[in-house]
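The structure file input-v8.csv is reproduced below (CSV, C-alpha atoms).
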```csv
chain,number,residue,atom,x,y,z
A,95,MET,CA,-16.0,-25.0,-58.0
A,96,LYS,CA,-14.8,-22.8,-55.2
A,97,MET,CA,-16.7,-19.6,-54.9
A,98,ALA,CA,-14.8,-16.4,-54.2
A,99,ILE,CA,-16.1,-14.0,-51.6
A,100,GLU,CA,-16.2,-10.3,-51.5
A,101,VAL,CA,-13.9,-9.2,-48.7
A,102,LYS,CA,-15.3,-6.2,-46.8
A,103,PRO,CA,-14.9,-4.7,-43.4
A,104,ASN,CA,-17.3,-5.6,-40.6
A,105,GLU,CA,-18.2,-3.1,-38.0
A,106,GLU,CA,-18.8,-5.8,-35.3
A,107,SER,CA,-15.5,-6.4,-33.6
A,108,ASP,CA,-16.7,-9.5,-31.7
A,109,VAL,CA,-18.2,-11.3,-34.6
A,110,ARG,CA,-17.3,-15.0,-34.8
A,111,ALA,CA,-17.7,-17.5,-37.6
A,112,PRO,CA,-19.3,-20.6,-36.1
A,113,GLU,CA,-18.2,-23.0,-38.9
A,114,ILE,CA,-14.6,-21.8,-38.8
A,115,ASP,CA,-14.4,-22.0,-35.0
A,116,ARG,CA,-15.9,-25.5,-35.0
A,117,LEU,CA,-13.4,-26.8,-37.5
A,118,VAL,CA,-10.4,-25.1,-35.7
A,119,MET,CA,-11.5,-26.8,-32.4
A,120,GLU,CA,-11.9,-30.1,-34.2
A,121,TYR,CA,-8.4,-29.8,-35.6
A,122,MET,CA,-7.0,-29.1,-32.1
A,123,VAL,CA,-8.4,-32.5,-31.1
A,124,VAL,CA,-6.8,-34.1,-34.1
A,125,LEU,CA,-3.4,-32.5,-33.2
A,126,THR,CA,-3.6,-33.7,-29.6
A,127,ALA,CA,-5.2,-37.2,-29.9
A,128,GLU,CA,-4.1,-38.4,-33.4
A,129,ARG,CA,-0.9,-36.7,-34.1
A,130,ALA,CA,0.4,-36.6,-30.6
A,131,ALA,CA,1.6,-33.0,-31.0
A,132,SER,CA,3.3,-31.4,-28.0
A,133,GLU,CA,1.4,-29.1,-25.7
A,134,HIS,CA,3.6,-26.2,-27.0
A,135,THR,CA,2.6,-27.0,-30.6
A,136,VAL,CA,-1.1,-27.3,-29.8
A,137,ARG,CA,-1.1,-24.0,-27.9
A,138,ALA,CA,0.8,-22.2,-30.7
A,139,TYR,CA,-1.5,-23.6,-33.5
A,140,ARG,CA,-4.6,-22.8,-31.4
A,141,ARG,CA,-3.4,-19.2,-30.9
A,142,GLU,CA,-2.5,-18.7,-34.6
A,143,LEU,CA,-5.7,-20.3,-36.0
A,144,LEU,CA,-8.1,-18.4,-33.6
A,145,SER,CA,-6.4,-15.2,-34.6
A,146,PHE,CA,-7.0,-16.1,-38.2
A,147,ALA,CA,-10.6,-17.1,-37.5
A,148,THR,CA,-11.2,-13.7,-35.8
A,149,PHE,CA,-9.8,-12.0,-38.9
A,150,LEU,CA,-12.1,-14.0,-41.2
A,151,ALA,CA,-15.2,-13.2,-39.2
A,152,LYS,CA,-14.4,-9.5,-39.2
A,153,ARG,CA,-13.5,-9.3,-42.9
A,154,CYS,CA,-15.8,-11.8,-44.4
A,155,GLY,CA,-18.7,-12.0,-42.1
A,156,PRO,CA,-19.8,-14.7,-39.5
A,157,GLY,CA,-21.2,-17.0,-42.2
A,158,VAL,CA,-17.8,-17.6,-43.9
A,159,THR,CA,-16.9,-21.2,-44.6
A,160,PRO,CA,-13.5,-22.7,-45.6
A,161,MET,CA,-14.8,-23.3,-49.1
A,162,GLN,CA,-15.0,-19.5,-49.6
A,163,ILE,CA,-11.5,-18.7,-48.5
A,164,GLU,CA,-9.1,-17.8,-51.4
A,165,HIS,CA,-5.4,-17.5,-51.1
A,166,SER,CA,-5.7,-13.7,-51.5
A,167,VAL,CA,-7.6,-13.6,-48.2
A,168,ILE,CA,-4.7,-15.5,-46.5
A,169,ARG,CA,-2.2,-13.1,-48.0
A,170,GLU,CA,-4.3,-10.1,-46.7
A,171,TYR,CA,-4.2,-11.7,-43.2
A,172,LEU,CA,-0.5,-12.0,-43.3
A,173,GLY,CA,-0.4,-8.3,-44.3
A,174,THR,CA,-2.2,-7.4,-41.1
A,175,LEU,CA,0.4,-9.3,-39.1
A,176,TYR,CA,3.2,-7.3,-40.7
A,177,GLU,CA,1.2,-4.1,-39.9
A,178,ARG,CA,1.3,-5.2,-36.3
A,179,ASP,CA,5.1,-5.3,-36.6
A,180,LEU,CA,5.4,-9.0,-36.3
A,181,SER,CA,8.7,-10.4,-37.5
A,182,LYS,CA,9.1,-12.6,-40.5
A,183,PRO,CA,9.6,-15.8,-38.4
A,184,SER,CA,6.4,-15.0,-36.5
A,185,VAL,CA,4.4,-14.5,-39.8
A,186,ALA,CA,6.0,-17.7,-41.1
A,187,ARG,CA,4.8,-19.6,-38.1
A,188,ALA,CA,1.3,-18.3,-38.5
A,189,LEU,CA,1.2,-19.4,-42.2
A,190,ALA,CA,2.5,-22.8,-41.2
A,191,ALA,CA,-0.4,-23.3,-38.8
A,192,ILE,CA,-2.9,-22.1,-41.4
A,193,ARG,CA,-1.4,-24.2,-44.1
A,194,SER,CA,-1.5,-27.3,-41.9
A,195,TRP,CA,-5.2,-26.6,-41.0
A,196,PHE,CA,-6.2,-26.2,-44.6
A,197,GLY,CA,-4.3,-29.4,-45.5
A,198,TRP,CA,-6.4,-31.3,-42.9
A,199,LEU,CA,-9.6,-29.7,-44.2
A,200,ALA,CA,-8.7,-30.9,-47.7
A,201,ARG,CA,-8.0,-34.4,-46.6
A,202,LYS,CA,-11.3,-34.5,-44.7
A,203,GLY,CA,-13.2,-33.2,-47.8
A,204,HIS,CA,-14.2,-29.9,-46.4
A,205,ILE,CA,-12.4,-28.1,-49.3
A,206,GLU,CA,-11.2,-29.2,-52.7
A,207,GLN,CA,-7.6,-27.9,-52.4
A,208,ASN,CA,-5.4,-26.1,-49.9
A,209,PRO,CA,-5.4,-22.4,-50.8
A,210,ALA,CA,-2.5,-21.7,-48.4
A,211,LYS,CA,-0.2,-23.6,-50.7
A,212,LEU,CA,-0.4,-20.7,-53.1
A,213,VAL,CA,0.9,-18.3,-50.4
A,214,ALA,CA,4.7,-18.1,-50.3
A,215,THR,CA,6.4,-18.4,-47.0
A,216,PRO,CA,8.3,-15.3,-46.0
A,217,LYS,CA,12.0,-15.5,-46.8
A,218,LEU,CA,13.8,-15.9,-43.5
A,219,PRO,CA,17.3,-14.8,-42.8
A,220,LYS,CA,19.7,-17.7,-42.1
A,221,HIS,CA,21.2,-17.3,-38.6
A,222,LEU,CA,23.8,-19.8,-37.5
A,223,PRO,CA,23.3,-20.6,-33.8
A,224,ARG,CA,26.0,-19.1,-31.7
A,225,VAL,CA,27.4,-21.8,-29.4
A,226,PRO,CA,30.1,-21.8,-26.8
A,227,GLY,CA,33.3,-23.6,-27.7
A,228,MET,CA,34.2,-27.1,-26.4
A,229,GLU,CA,36.7,-25.8,-23.9
A,230,GLN,CA,34.3,-23.3,-22.5
A,231,VAL,CA,31.6,-25.9,-21.9
A,232,ASN,CA,34.0,-28.4,-20.5
A,233,GLN,CA,35.5,-25.8,-18.1
A,234,VAL,CA,32.0,-25.2,-16.7
A,235,LEU,CA,31.2,-28.9,-16.3
A,236,ASP,CA,34.6,-29.7,-14.8
A,237,CYS,CA,34.2,-26.9,-12.3
A,238,MET,CA,30.8,-28.2,-11.3
A,239,GLY,CA,32.2,-31.7,-10.8
A,240,SER,CA,35.2,-30.6,-8.9
A,241,GLY,CA,33.6,-30.7,-5.5
A,242,LYS,CA,34.1,-26.9,-4.9
A,243,PRO,CA,31.2,-25.1,-3.2
A,244,GLN,CA,28.8,-23.6,-5.7
A,245,GLU,CA,26.7,-20.5,-5.2
A,246,LYS,CA,23.2,-21.5,-4.0
A,247,THR,CA,20.4,-19.0,-4.8
A,248,GLY,CA,16.8,-19.6,-5.7
A,249,GLU,CA,16.3,-22.4,-8.3
A,250,THR,CA,20.1,-23.0,-8.4
A,251,ALA,CA,20.2,-24.3,-4.8
A,252,TRP,CA,21.0,-27.8,-5.8
A,253,PRO,CA,24.4,-28.1,-7.4
A,254,GLU,CA,24.3,-31.9,-7.8
A,255,ARG,CA,21.0,-31.7,-9.7
A,256,ASP,CA,22.2,-28.7,-11.7
A,257,ARG,CA,25.3,-30.6,-12.9
A,258,VAL,CA,23.0,-33.4,-14.2
A,259,ILE,CA,21.0,-30.8,-16.1
A,260,LEU,CA,24.1,-29.5,-17.9
A,261,GLU,CA,25.6,-32.9,-18.5
A,262,LEU,CA,22.4,-34.2,-20.1
A,263,LEU,CA,21.6,-31.2,-22.2
A,264,TYR,CA,25.2,-31.0,-23.5
A,265,GLY,CA,26.2,-34.6,-23.2
A,266,CYS,CA,23.1,-36.1,-24.7
A,267,GLY,CA,21.8,-33.3,-26.9
A,268,ILE,CA,18.2,-33.7,-25.6
A,269,ARG,CA,15.6,-31.0,-25.6
A,270,ASN,CA,14.5,-29.1,-22.5
A,271,ALA,CA,11.1,-30.7,-22.5
A,272,GLU,CA,12.7,-34.2,-23.0
A,273,LEU,CA,15.0,-33.5,-20.0
A,274,VAL,CA,12.2,-32.6,-17.5
A,275,GLY,CA,10.1,-35.5,-18.8
A,276,LEU,CA,12.8,-38.1,-17.9
A,277,ASN,CA,11.9,-40.7,-15.2
A,278,LEU,CA,14.2,-42.9,-13.2
A,279,GLU,CA,13.2,-45.9,-15.2
A,280,ASP,CA,14.3,-44.2,-18.4
A,281,ILE,CA,18.0,-44.6,-17.4
A,282,GLN,CA,19.1,-47.8,-19.0
A,283,TRP,CA,22.2,-48.4,-16.9
A,284,GLY,CA,23.0,-51.8,-18.5
A,285,ASN,CA,22.9,-50.4,-22.0
A,286,GLU,CA,24.4,-47.1,-21.1
A,287,CYS,CA,21.6,-45.1,-22.7
A,288,LEU,CA,18.5,-43.0,-22.0
A,289,LEU,CA,15.0,-43.6,-23.2
A,290,VAL,CA,13.9,-40.2,-24.4
A,291,ARG,CA,10.4,-39.2,-25.4
A,292,GLY,CA,10.5,-36.6,-28.1
A,293,LYS,CA,8.1,-34.6,-30.2
A,294,GLY,CA,4.9,-36.5,-31.2
A,295,ARG,CA,5.6,-38.9,-28.3
A,296,LYS,CA,8.3,-40.6,-30.4
A,297,GLU,CA,10.7,-42.6,-28.4
A,298,ARG,CA,14.4,-42.9,-29.1
A,299,TYR,CA,17.5,-44.2,-27.2
A,300,VAL,CA,20.3,-41.7,-26.6
A,301,PRO,CA,23.8,-42.7,-25.5
A,302,LEU,CA,24.6,-41.9,-21.8
A,303,GLY,CA,28.2,-40.8,-21.5
A,304,ASP,CA,30.4,-41.6,-18.5
A,305,ALA,CA,30.4,-38.0,-17.3
A,306,ALA,CA,26.6,-37.7,-17.4
A,307,ALA,CA,26.2,-41.2,-15.7
A,308,GLU,CA,28.6,-40.1,-12.9
A,309,ALA,CA,26.7,-36.9,-12.4
A,310,ILE,CA,23.4,-38.8,-12.1
A,311,ARG,CA,25.0,-41.3,-9.6
A,312,VAL,CA,26.2,-38.4,-7.4
A,313,TYR,CA,22.8,-36.7,-7.6
A,314,LEU,CA,20.5,-39.7,-6.8
A,315,PRO,CA,21.4,-40.0,-3.0
A,316,HIS,CA,20.7,-36.3,-2.6
A,317,ARG,CA,17.4,-36.7,-4.5
A,318,LYS,CA,16.4,-39.6,-2.2
A,319,GLN,CA,17.2,-37.6,0.9
A,320,ARG,CA,15.1,-34.6,-0.2
A,321,LEU,CA,12.1,-36.9,-0.9
A,322,ALA,CA,12.5,-38.6,2.5
A,323,ALA,CA,12.5,-35.3,4.2
A,324,VAL,CA,9.2,-34.2,2.8
A,325,LYS,CA,6.5,-34.3,5.5
A,326,ARG,CA,3.6,-34.7,3.0
A,327,PRO,CA,3.3,-37.8,0.9
A,328,SER,CA,5.2,-37.4,-2.4
A,329,SER,CA,3.1,-37.7,-5.5
A,330,LYS,CA,3.7,-40.6,-7.9
A,331,SER,CA,5.0,-38.1,-10.5
A,332,ALA,CA,7.6,-36.8,-8.1
A,333,GLY,CA,8.7,-40.3,-7.2
A,334,ASP,CA,9.2,-41.2,-10.8
A,335,ALA,CA,10.8,-38.0,-12.0
A,336,LEU,CA,14.5,-37.9,-12.4
A,337,LEU,CA,14.8,-34.1,-11.9
A,338,LEU,CA,13.0,-32.5,-9.0
A,339,ASN,CA,12.5,-28.9,-8.1
A,340,ALA,CA,14.4,-27.7,-5.1
A,341,ARG,CA,11.4,-27.3,-2.8
A,342,LEU,CA,9.4,-30.1,-4.2
A,343,ARG,CA,6.6,-27.8,-5.1
A,344,GLY,CA,3.5,-29.0,-7.0
A,345,ASN,CA,4.1,-32.5,-8.2
A,346,GLY,CA,7.8,-32.1,-7.5
A,347,ARG,CA,9.0,-32.3,-11.1
A,348,LEU,CA,11.3,-29.6,-12.4
A,349,THR,CA,9.8,-27.4,-15.1
A,350,THR,CA,11.2,-26.2,-18.4
A,351,ARG,CA,11.0,-22.6,-17.3
A,352,SER,CA,13.1,-23.4,-14.2
A,353,VAL,CA,15.7,-25.3,-16.3
A,354,GLY,CA,16.0,-22.1,-18.4
A,355,ARG,CA,16.6,-20.0,-15.4
A,356,ILE,CA,19.1,-22.5,-14.0
A,357,VAL,CA,21.1,-22.7,-17.2
A,358,LYS,CA,21.2,-18.9,-17.6
A,359,HIS,CA,22.4,-18.5,-14.1
A,360,LEU,CA,25.1,-21.1,-14.4
A,361,ALA,CA,26.2,-19.7,-17.7
A,362,LEU,CA,26.6,-16.2,-16.3
A,363,ALA,CA,28.3,-17.5,-13.1
A,364,HIS,CA,30.9,-19.3,-15.2
A,365,GLY,CA,31.7,-16.6,-17.8
A,366,LEU,CA,29.5,-17.9,-20.7
A,367,ALA,CA,27.5,-15.5,-22.9
A,368,ALA,CA,24.3,-14.0,-21.4
A,369,ASP,CA,22.2,-15.5,-24.2
A,370,VAL,CA,23.0,-19.1,-23.3
A,371,HIS,CA,19.8,-21.2,-22.8
A,372,PRO,CA,19.0,-24.9,-22.8
A,373,HIS,CA,18.7,-25.2,-26.6
A,374,THR,CA,22.2,-23.6,-26.9
A,375,LEU,CA,23.6,-26.7,-25.3
A,376,ARG,CA,21.7,-28.8,-27.8
A,377,HIS,CA,23.2,-26.8,-30.6
A,378,ALA,CA,26.6,-27.2,-29.0
A,379,PHE,CA,26.2,-30.9,-28.8
A,380,GLY,CA,25.5,-31.3,-32.5
A,381,THR,CA,28.1,-28.7,-33.6
A,382,HIS,CA,30.9,-30.2,-31.5
A,383,MET,CA,30.2,-33.7,-32.6
A,384,LEU,CA,30.3,-32.7,-36.2
A,385,GLU,CA,33.6,-30.8,-35.6
A,386,GLU,CA,35.0,-34.0,-34.2
A,387,GLY,CA,34.1,-36.0,-37.2
A,388,ALA,CA,30.8,-37.6,-36.3
A,389,ASP,CA,28.5,-38.7,-39.2
A,390,LEU,CA,25.7,-36.2,-39.8
A,391,ARG,CA,23.1,-39.0,-39.9
A,392,ALA,CA,24.3,-40.3,-36.6
A,393,ILE,CA,23.8,-36.9,-35.1
A,394,GLN,CA,20.3,-36.7,-36.7
A,395,GLU,CA,19.4,-40.0,-35.0
A,396,ILE,CA,20.6,-38.9,-31.5
A,397,LEU,CA,18.9,-35.5,-31.8
A,398,GLY,CA,15.7,-37.1,-32.9
A,399,HIS,CA,15.3,-35.0,-36.1
A,400,ALA,CA,12.8,-36.3,-38.7
A,401,ARG,CA,14.7,-34.6,-41.5
A,402,LEU,CA,18.4,-34.4,-42.1
A,403,SER,CA,17.9,-30.7,-43.2
A,404,THR,CA,16.9,-29.9,-39.7
A,405,THR,CA,20.2,-31.4,-38.3
A,406,GLN,CA,22.1,-29.3,-40.8
A,407,ARG,CA,20.6,-26.1,-39.4
A,408,TYR,CA,21.5,-27.1,-35.9
A,409,THR,CA,25.2,-27.7,-36.8
A,410,HIS,CA,27.7,-25.6,-38.6
A,411,LEU,CA,31.4,-25.6,-39.4
A,412,THR,CA,33.8,-22.6,-39.6
A,413,THR,CA,35.5,-21.8,-42.9
A,414,GLY,CA,38.8,-23.0,-41.4
A,415,GLN,CA,37.3,-26.4,-40.4
A,416,VAL,CA,35.9,-26.9,-43.8
A,417,ALA,CA,39.3,-26.1,-45.4
A,418,ALA,CA,41.0,-28.5,-43.0
A,419,VAL,CA,38.7,-31.3,-43.9
A,420,TYR,CA,39.3,-30.6,-47.6
A,421,ASP,CA,43.0,-30.5,-47.1
A,422,ARG,CA,43.0,-33.8,-45.2
A,423,THR,CA,40.6,-35.8,-47.4
A,424,HIS,CA,40.8,-34.6,-51.1
A,425,PRO,CA,43.5,-36.1,-53.2
A,426,ARG,CA,44.0,-32.9,-55.2
A,427,ALA,CA,44.0,-30.6,-52.2
A,428,LYS,CA,47.8,-30.4,-51.8
A,429,SER,CA,50.7,-31.3,-53.9
```
Would you mind writing the file's structure down as structure tokens?
Amino acid sequence: MKMAIEVKPNEESDVRAPEIDRLVMEYMVVLTAERAASEHTVRAYRRELLSFATFLAKRCGPGVTPMQIEHSVIREYLGTLYERDLSKPSVARALAAIRSWFGWLARKGHIEQNPAKLVATPKLPKHLPRVPGMEQVNQVLDCMGSGKPQEKTGETAWPERDRVILELLYGCGIRNAELVGLNLEDIQWGNECLLVRGKGRKERYVPLGDAAAEAIRVYLPHRKQRLAAVKRPSSKSAGDALLLNARLRGNGRLTTRSVGRIVKHLALAHGLAADVHPHTLRHAFGTHMLEEGADLRAIQEILGHARLSTTQRYTHLTTGQVAAVYDRTHPRAKS
């Protein structure tokens, strides 16, 4: 039977709970090696769980073990997050990490049951992603493919590459991390598709449209010239990577942060909203496909979502579009 503990303040601000710390670190290894979680997920879970571990040590003492932690203690911890003015989504992310850790502890036999299951997830407001319209995105891409001179500043000093970035984010609906992880060999020219490595190292094939394929063909000779001009030997990673940074710094591969800056710069330069980022184009991909009549499950497959409910959050229809579909398809819609 699980023994409840008396929760009381501890005057030592740097007290740590060795058993909790050990199990958190062990779970990090599991996330990385066995579950193939992304670096972003591992970093986020580590941050959330170490924060929770610090709270446990301060409130319950350094000798606290997982068996002693009741759901009320977890609720109290979430209360401290609200006191720090964290948003509901941030608190929900913290709870998700804690719940996942306790779930693993239960499966390993360290605890009898997961106490975090008794803690309700904060109710989050439902925000529909704001995406640019089809005409807006197409105008930007058509402008970039027109051959007209493009402004060259900082990270956006390579218009041929930047067009590939936008064509793949919008034309294929891939994630930023998936984009920068693409290698030359991942382009399946014969099958007209891309081999994409998604979350958890899961691989999927994504259709490569004509516009994106053309942008890549235009870009590749420029890429080859830049690599040939480098005095120092290029690393294997740079030689393999599809998208390179303009100065071939580090291993030469473009980073997700740079992609974010490039997309924001191009969006502002072509009259799109200031809050456009790489994931906005992924939202737009799903939304525009759905508007044009694509099957939701087909969109799910292309986006690489494990659950259909995730795809539904990424896509939305206006009231007018819903009414139009109803009028067009239901036998009792119109007389």
*For a cut-off of 9 Å around (12.6, -46.1, -11.3), file coordinates, pick out all residues using all atoms listed in the file and list them as a list of chain:residue names.*
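The distance filter leaves exactly A:Asn277, A:Leu278, A:Glu279, A:Asp280, A:Ile281, A:Gly333, A:Asp334, A:Ala335, A:Leu336.
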*Please, what distance in Å, to one decimal, runs between atom CA of Ser181 of chain A and atom CA of Arg141 of chain A?*
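Straight-line distance from atom CA of Ser181 of chain A to atom CA of Arg141 of chain A works out to 16.4 Å.
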*Give as JSON, numbers by chain the set of residues within 7 Å of the point (-8.5, -22.4, -34.1), where distances use the file's coordinates and all atoms listed in the file.*
{"A": [115, 118, 119, 140, 141, 143, 144, 147]}
*Using only C-alpha atoms, which residue out of A:Ala306, A:Val124, A:Val225, A:Cys287 lies closest to His371 of chain A?*
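Answer, going by the shortest atom-to-atom distance: A:Val225.
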_Nearest to Ala188 of chain A by atom-to-atom distance, counting all atoms listed in the file, from A:Cys237, A:Leu218, A:Leu175, A:Leu289_ = A:Leu175
*How many Å lie between atom CA of Leu212 of chain A and atom CA of Ser145 of chain A, rounded to one decimal?*
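Interatomic distance, atom CA of Leu212 of chain A to atom CA of Ser145 of chain A: 20.2 Å.
Pairwise distance (atom CA of Glu142 of chain A, atom CA of Gln394 of chain A) equals 29.1 Å.
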